[in-house]
There are 2 protein chains.
Amino acid sequence: LNAGQGCAIWVNGEPRPDDLAHVSAHDRGFTLADGLFETMRVREGRVFRLEHHLARLAGGLLALHISMPARIREWVLGAVDAAGLPDASVRLTVTRGVGSSGLAPVACRPTVVIAIGPLPAFPPAIYESGLTAHVASGRRNERAMTVGLKTLAYVDAVAGLLEAQRVGADEALFLDTDGHCSEATASNLFVWTGSLLLTPPVSCGALPGITRATVLELASGLGLDASDRPFSLEQVLEAQEAFLTSSLRGLAPLVRIGGRPIGAGSPGTVTRRLASAYAALVQRECGS
Amino acid sequence: LNAGQGCAIWVNGEPRPDDLAHVSAHDRGFTLADGLFETMRVREGRVFRLEHHLARLAGGLLALHISMPARIREWVLGAVDAAGLPDASVRLTVTRGVGSSGLAPVACRPTVVIAIGPLPAFPPAIYESGLTAHVASGRRNERAMTVGLKTLAYVDAVAGLLEAQRVGADEALFLDTDGHCSEATASNLFVWTGSLLLTPPVSCGALPGITRATVLELASGLGLDASDRPFSLEQVLEAQEAFLTSSLRGLAPLVRIGGRPIGAGSPGTVTRRLASAYAALVQRECGS
């Protein structure tokens with residue numbers, strides 16, 4: 001394990017001890033954010049919805065004209081086995097590879113980095129009291145070249161999170177350039193209106209999250225009307241409940257935005273029902 | 001010199017041979033594009049407008065709450081001296097540094113990478129016949145958290161360039177989300193209307209380029225009316241001349257967009273006058 005970061009690292013399928021856990025300074029992932037990643041949850045030693053993550057990655061690589069590394073599934077499974085952590089996070093990064101100067105890629109071979117570490121210890125308050133959000137001063141670009149792709153370009157999200165933390169909020173909520181709700185810094189947004197479960201569509205700059213898709217699936221199973229369609233910040237503030245979804249944090253209630261409460265300002269019952277159903281599904285799909 | 005990439009690499013002020021020209025796989029520059037860079041031109045062994053580049057970098061680091069490495073000027077000058085190339089390109093990258101998983105930075109120390117290589121050999125046709133551009137299908141976000149900062153997040157520009165190359169164009173021209181002209185993939189846009197030299201403002205998503213500022217300065221010196229203000233794609237197509245500016249390529253005429261000629265469809269006299277004035281200025285400021 002990489003003691004410094006608490007993570008084990010594999011580069012192009014090879015385990016790397018701490019002092020070799022590095023990538024070329026010419027890697028286009030480093031110089032141009034020219035690559036994609038997936039963050040996945042390991043439960044009982046198995047990756048939850050690995051095939052969904054690999055399918056999303058393959059689609060993104062195709063869009064960016066980066067070839068999908070042939071042995072990537074084998075490398076992920078081998079790394080997860082070798083790490084031997086029952087509950088873990090896996091970050092899979094694929095870049096276009098080492099390049100010369102300039103934006104035009106010339107004869108690149110993809111770089112694959114797998115980092116496996118213990119699941120971050122989220123404060124229980126996240127789930128018990130819920131998260132607060134600040135509305136980011138900058139907007140998500142729903143008409144970007146790479147909209148819907150989980151590229152390495154997260155610096156805007158980092159800037160949004162730092163802005164949120166400066167005003168004492170846990171998260172930043174991004175609107176798109178039309179003023180519709182888009183997503184949080186690294187999680188999707190859901191609202192429960194009392195009769196409908198809504199999440200922003202990719203056309204509002206939202207990432208097509210794996211947890212997001214799973215929650216939409218679970219909602220139908222629970223008989224809830226669910227849909228991805230555009231909605232405004234005002235609609236969130238008038239909603240009964242809201243929550244954020246991501247692979248590691250799962251479902252986290254969102255209880256205030258810009259100081260204003262959503263519903264009762266505390267985690268709601270639909271959020272709790274979906275969070276339980278999600279936990280049970282992860283257990284069922286990963287359990288032995 | 002790094003034979004593989006034709007570049008010499010320094011990390012945090014230390015020269016690195018090829019087999020050590022790397023950064024941590026946990027560096028937030030690699031995992032999140034959480035950093036900034038400058039690309040600079042060396043002429044007669046001196047960096048053109050180093051102070052302007054360092055000032056822009058310092059402003060960007062401040063905005064991202066990354067501390068400016070104290071010895072950065074000394075490191076750049078030392079690396080340029082050691083590389084010993086009279087005509088060269090310098091890429092200076094500063095990231096937030098090595099981080100644990102998650103977006104929130106915890107106790108990071110910046111990583112500084114300096115890469116010095118020979119000036120790319122641009123085809124003479126770029127200057128003699130001019131460049132062609134494709135209008136990118138995606139838009140620049142003039143309301144992004146990091147607008148105006150030269151962050152590592154260039155994957156959208158890469159996607160735009162690949163799209164342009166697929167339709168046989170040299171460059172991609174980005175509009176902002178309001179439909180105003182913004183910039184090309186890694187260069188600023190200028191148009192000459194016959195009476196006015198125009199370039200998009202930062203409020204249209206343009207980077208405040210160092211060459212852009214230098215050209216605005218030179219234009220006043222030549223008695224040309226020059227201004228940064230919003231304009232449309234139609235206005236470019238009605239202009240007499242257009243050109244793109246960047247630190248390495250200098251001024252490159254832009255003669256067609258989406259197959260339609262700008263002015264006569266060949267490099268114009270105002271472009272040539274400004275390009276000559278720019279070359280003379282670089283020579284004057286860097287020459288011994």
# chains A, B, ... in the order shown; residues from 1 in each chain; ligands from 1
$ residues_around --residues "region 72-85 of chain A" --least-positions-apart "2" --cutoff "10 Å" --atoms "only C-alpha atoms" --output "VMD selection string"
chain A and resid 1 7 to 15 42 to 47 50 to 51 54 68 to 70 87 to 92 94 112 to 119
$ interface_residues --of "chain B" --to "chain A" --cutoff "6 Å" --atoms "only C-alpha atoms" --output "PyMOL selection string"
chain B and resi 5+21-25+29-30+32-34+100+103+138-139+141+143-146+152-156+158
$ atom_distance --atom1 "CA of Thr111 (chain A)" --atom2 "CA of Arg96 (chain A)"
6.5 Å
$ residues_around --residues "region 230-233 of chain B" --least-positions-apart "2" --cutoff "10 Å" --atoms "only C-alpha atoms" --output "VMD selection string"
chain B and resid 135 173 to 176 178 to 182 191 198 to 204 227 to 228 235 to 239 257
$ write_last_selection --atoms "N, CA and C atoms" --output "tab-separated table (two decimals), in the first residue's frame"
chain	number	residue	atom	x	y	z
B	135	VAL	N	-16.03	25.64	-36.82
B	135	VAL	CA	-16.72	26.14	-35.63
B	135	VAL	C	-17.09	24.94	-34.75
B	173	LEU	N	-12.74	26.92	-33.73
B	173	LEU	CA	-13.11	28.20	-33.15
B	173	LEU	C	-14.30	27.96	-32.22
B	174	PHE	N	-14.16	28.42	-30.98
B	174	PHE	CA	-15.24	28.23	-30.00
B	174	PHE	C	-16.07	29.50	-29.87
B	175	LEU	N	-17.40	29.33	-29.87
B	175	LEU	CA	-18.29	30.42	-29.49
B	175	LEU	C	-18.58	30.26	-27.99
B	176	ASP	N	-18.99	31.37	-27.33
B	176	ASP	CA	-19.40	31.22	-25.93
B	176	ASP	C	-20.87	30.80	-25.89
B	178	ASP	N	-23.43	32.41	-25.26
B	178	ASP	CA	-24.31	33.45	-25.80
B	178	ASP	C	-24.20	33.57	-27.32
B	179	GLY	N	-23.26	32.83	-27.92
B	179	GLY	CA	-23.09	32.89	-29.36
B	179	GLY	C	-22.04	33.88	-29.83
B	180	HIS	N	-21.34	34.52	-28.88
B	180	HIS	CA	-20.23	35.39	-29.27
B	180	HIS	C	-18.98	34.56	-29.53
B	181	CYS	N	-18.08	35.11	-30.33
B	181	CYS	CA	-16.80	34.44	-30.55
B	181	CYS	C	-16.00	34.45	-29.25
B	182	SER	N	-15.31	33.36	-28.97
B	182	SER	CA	-14.53	33.26	-27.74
B	182	SER	C	-13.03	33.16	-28.04
B	191	VAL	N	-9.83	40.07	-35.16
B	191	VAL	CA	-10.34	40.39	-36.50
B	191	VAL	C	-10.07	41.86	-36.79
B	198	LEU	N	-10.37	43.96	-33.39
B	198	LEU	CA	-11.19	43.46	-32.29
B	198	LEU	C	-10.71	42.11	-31.81
B	199	THR	N	-10.81	41.87	-30.50
B	199	THR	CA	-10.56	40.55	-29.93
B	199	THR	C	-11.60	40.32	-28.85
B	200	PRO	N	-12.08	39.07	-28.68
B	200	PRO	CA	-13.11	38.83	-27.67
B	200	PRO	C	-12.59	39.13	-26.26
B	201	PRO	N	-13.44	39.71	-25.41
B	201	PRO	CA	-13.06	39.96	-24.02
B	201	PRO	C	-13.10	38.67	-23.19
B	202	VAL	N	-12.51	38.72	-22.00
B	202	VAL	CA	-12.54	37.56	-21.09
B	202	VAL	C	-13.99	37.21	-20.75
B	203	SER	N	-14.90	38.22	-20.78
B	203	SER	CA	-16.32	37.96	-20.48
B	203	SER	C	-16.98	37.11	-21.57
B	204	CYS	N	-16.27	36.84	-22.66
B	204	CYS	CA	-16.76	35.90	-23.68
B	204	CYS	C	-15.97	34.58	-23.60
B	227	SER	N	-9.65	47.10	-29.66
B	227	SER	CA	-10.55	47.00	-28.52
B	227	SER	C	-10.92	45.55	-28.26
B	228	ASP	N	-11.14	45.21	-26.98
B	228	ASP	CA	-11.69	43.89	-26.69
B	228	ASP	C	-13.17	44.06	-26.39
B	235	GLN	N	-19.79	38.58	-37.85
B	235	GLN	CA	-18.88	39.72	-37.96
B	235	GLN	C	-17.47	39.29	-38.38
B	236	VAL	N	-17.07	38.09	-37.96
B	236	VAL	CA	-15.76	37.58	-38.40
B	236	VAL	C	-15.80	37.33	-39.90
B	237	LEU	N	-16.90	36.75	-40.35
B	237	LEU	CA	-16.99	36.40	-41.77
B	237	LEU	C	-17.10	37.65	-42.65
B	238	GLU	N	-17.54	38.76	-42.05
B	238	GLU	CA	-17.62	40.03	-42.79
B	238	GLU	C	-16.35	40.86	-42.64
B	239	ALA	N	-15.42	40.39	-41.79
B	239	ALA	CA	-14.21	41.17	-41.54
B	239	ALA	C	-13.26	41.08	-42.74
B	257	ILE	N	-13.29	30.05	-42.26
B	257	ILE	CA	-14.03	29.43	-41.16
B	257	ILE	C	-15.19	28.66	-41.74
$ select_by_dssp --residues "region 154-196 of chain A" --states "strand (DSSP E or B)" --output "ChimeraX atom specification"
/A:171-176,180-184,188-192
$ select_by_dssp --residues "region 107-261 of chain A" --states "alpha helix (DSSP H)" --output "ChimeraX atom specification"
/A:125-128,155-166,210-221,233-237
$ write_last_selection --atoms "N, CA, C and O atoms" --output "compact mmCIF listing (two decimals), in the first residue's frame"
# COMPACT_ATOMS: atom_id res chain seq x y z
N ALA A 125 -22.83 12.36 10.37
CA ALA A 125 -23.74 13.51 10.31
C ALA A 125 -24.24 13.76 8.90
O ALA A 125 -25.35 14.28 8.70
N ILE A 126 -23.41 13.40 7.89
CA ILE A 126 -23.83 13.57 6.50
C ILE A 126 -25.19 12.92 6.27
O ILE A 126 -26.05 13.48 5.60
N TYR A 127 -25.34 11.72 6.84
CA TYR A 127 -26.57 10.96 6.61
C TYR A 127 -27.65 11.31 7.63
O TYR A 127 -28.84 11.33 7.32
N GLU A 128 -27.21 11.60 8.87
CA GLU A 128 -28.18 11.83 9.95
C GLU A 128 -28.78 13.25 9.90
O GLU A 128 -29.98 13.42 10.09
N VAL A 155 -11.26 20.90 -12.13
CA VAL A 155 -10.80 22.10 -11.41
C VAL A 155 -11.95 23.08 -11.13
O VAL A 155 -11.96 23.73 -10.09
N ASP A 156 -12.95 23.13 -12.01
CA ASP A 156 -14.11 23.97 -11.76
C ASP A 156 -14.89 23.47 -10.53
O ASP A 156 -15.37 24.28 -9.73
N ALA A 157 -14.99 22.16 -10.42
CA ALA A 157 -15.68 21.58 -9.25
C ALA A 157 -14.89 21.87 -7.98
O ALA A 157 -15.47 22.20 -6.94
N VAL A 158 -13.56 21.77 -8.05
CA VAL A 158 -12.71 22.09 -6.89
C VAL A 158 -12.93 23.55 -6.49
O VAL A 158 -13.12 23.86 -5.30
N ALA A 159 -12.92 24.44 -7.48
CA ALA A 159 -13.13 25.87 -7.18
C ALA A 159 -14.51 26.10 -6.56
O ALA A 159 -14.66 26.91 -5.65
N GLY A 160 -15.51 25.37 -7.04
CA GLY A 160 -16.86 25.48 -6.47
C GLY A 160 -16.90 25.00 -5.04
O GLY A 160 -17.53 25.62 -4.17
N LEU A 161 -16.21 23.89 -4.77
CA LEU A 161 -16.19 23.35 -3.41
C LEU A 161 -15.47 24.30 -2.45
O LEU A 161 -15.93 24.53 -1.32
N LEU A 162 -14.35 24.86 -2.90
CA LEU A 162 -13.62 25.81 -2.04
C LEU A 162 -14.49 27.03 -1.74
O LEU A 162 -14.51 27.53 -0.61
N GLU A 163 -15.23 27.50 -2.75
CA GLU A 163 -16.12 28.64 -2.54
C GLU A 163 -17.20 28.28 -1.51
O GLU A 163 -17.51 29.06 -0.60
N ALA A 164 -17.75 27.08 -1.63
CA ALA A 164 -18.79 26.62 -0.69
C ALA A 164 -18.23 26.54 0.73
O ALA A 164 -18.87 26.99 1.69
N GLN A 165 -17.03 25.97 0.85
CA GLN A 165 -16.43 25.83 2.19
C GLN A 165 -16.17 27.20 2.82
O GLN A 165 -16.30 27.35 4.03
N ARG A 166 -15.83 28.20 2.00
CA ARG A 166 -15.58 29.54 2.55
C ARG A 166 -16.84 30.16 3.15
O ARG A 166 -16.75 31.00 4.03
N ILE A 210 -23.63 6.58 -12.20
CA ILE A 210 -24.04 5.17 -12.05
C ILE A 210 -25.01 5.05 -10.87
O ILE A 210 -26.02 4.35 -10.94
N THR A 211 -24.72 5.77 -9.78
CA THR A 211 -25.63 5.74 -8.63
C THR A 211 -26.96 6.40 -9.01
O THR A 211 -28.04 5.93 -8.63
N ARG A 212 -26.87 7.48 -9.78
CA ARG A 212 -28.08 8.17 -10.29
C ARG A 212 -28.98 7.19 -11.05
O ARG A 212 -30.18 7.10 -10.79
N ALA A 213 -28.39 6.42 -11.96
CA ALA A 213 -29.17 5.45 -12.74
C ALA A 213 -29.76 4.38 -11.83
O ALA A 213 -30.90 3.95 -12.01
N THR A 214 -28.97 3.97 -10.83
CA THR A 214 -29.43 2.93 -9.91
C THR A 214 -30.62 3.44 -9.09
O THR A 214 -31.59 2.71 -8.86
N VAL A 215 -30.57 4.70 -8.67
CA VAL A 215 -31.65 5.28 -7.88
C VAL A 215 -32.91 5.40 -8.73
O VAL A 215 -34.03 5.11 -8.26
N LEU A 216 -32.77 5.77 -9.99
CA LEU A 216 -33.95 5.86 -10.88
C LEU A 216 -34.61 4.49 -11.01
O LEU A 216 -35.84 4.37 -11.01
N GLU A 217 -33.77 3.46 -11.09
CA GLU A 217 -34.22 2.07 -11.18
C GLU A 217 -34.97 1.67 -9.90
O GLU A 217 -36.06 1.11 -9.95
N LEU A 218 -34.35 1.98 -8.75
CA LEU A 218 -34.94 1.63 -7.46
C LEU A 218 -36.26 2.36 -7.24
O LEU A 218 -37.20 1.80 -6.65
N ALA A 219 -36.33 3.61 -7.71
CA ALA A 219 -37.55 4.40 -7.52
C ALA A 219 -38.73 3.72 -8.19
O ALA A 219 -39.81 3.59 -7.59
N SER A 220 -38.54 3.25 -9.44
CA SER A 220 -39.65 2.54 -10.09
C SER A 220 -40.04 1.32 -9.29
O SER A 220 -41.23 1.04 -9.13
N GLY A 221 -39.03 0.60 -8.79
CA GLY A 221 -39.30 -0.59 -7.99
C GLY A 221 -40.14 -0.27 -6.75
O GLY A 221 -40.95 -1.09 -6.31
N LEU A 233 -33.79 26.17 -9.50
CA LEU A 233 -33.41 26.24 -8.09
C LEU A 233 -34.64 26.49 -7.22
O LEU A 233 -34.77 25.92 -6.14
N GLU A 234 -35.56 27.33 -7.71
CA GLU A 234 -36.79 27.62 -6.96
C GLU A 234 -37.57 26.33 -6.72
O GLU A 234 -38.12 26.12 -5.64
N GLN A 235 -37.59 25.45 -7.73
CA GLN A 235 -38.30 24.18 -7.56
C GLN A 235 -37.65 23.29 -6.51
O GLN A 235 -38.35 22.55 -5.82
N VAL A 236 -36.32 23.38 -6.39
CA VAL A 236 -35.66 22.60 -5.33
C VAL A 236 -36.08 23.15 -3.97
O VAL A 236 -36.37 22.39 -3.04
N LEU A 237 -36.13 24.47 -3.88
CA LEU A 237 -36.44 25.08 -2.58
C LEU A 237 -37.91 24.84 -2.20
O LEU A 237 -38.25 24.91 -1.02
$ residues_around --residues "Gly265 (chain A)" --least-positions-apart "5" --cutoff "9 Å" --atoms "only C-alpha atoms" --output "PyMOL selection string"
chain A and resi 129-130+240-241+254-256+260
$ atom_distance --atom1 "CA of Leu244 (chain A)" --atom2 "CA of Leu149 (chain B)"
28.7 Å
$ residues_around --residues "region 273-276 of chain A" --least-positions-apart "4" --cutoff "10 Å" --atoms "only C-alpha atoms" --output "PyMOL selection string"
chain A and resi 127+215-216+218-219+222+243+245+250-253+268-269+280-282
$ write_last_selection --atoms "C-alpha atoms" --output "compact mmCIF listing (two decimals), in the first residue's frame"
# COMPACT_ATOMS: atom_id res chain seq x y z
CA TYR A 127 -26.57 10.96 6.61
CA VAL A 215 -31.65 5.28 -7.88
CA LEU A 216 -33.95 5.86 -10.88
CA LEU A 218 -34.94 1.63 -7.46
CA ALA A 219 -37.55 4.40 -7.52
CA LEU A 222 -40.72 1.34 -5.02
CA PHE A 243 -30.44 14.33 -1.86
CA THR A 245 -25.80 10.62 -5.11
CA GLY A 250 -24.18 6.73 -1.82
CA LEU A 251 -27.31 8.79 -1.04
CA ALA A 252 -26.68 11.84 1.16
CA PRO A 253 -29.64 14.04 2.18
CA GLY A 268 -36.90 13.04 4.56
CA THR A 269 -38.63 9.68 4.47
CA ALA A 280 -29.70 -3.43 0.26
CA LEU A 281 -29.05 -3.57 -3.50
CA VAL A 282 -25.29 -3.04 -3.05
$ closest_residue --among "A:Ile66, A:Ala172, A:Ala279, A:Ala206" --to "His134 (chain A)" --atoms "only C-alpha atoms"
A:Ala172
$ atom_distance --atom1 "CA of Lys150 (chain A)" --atom2 "CA of Pro208 (chain A)"
8.8 Å
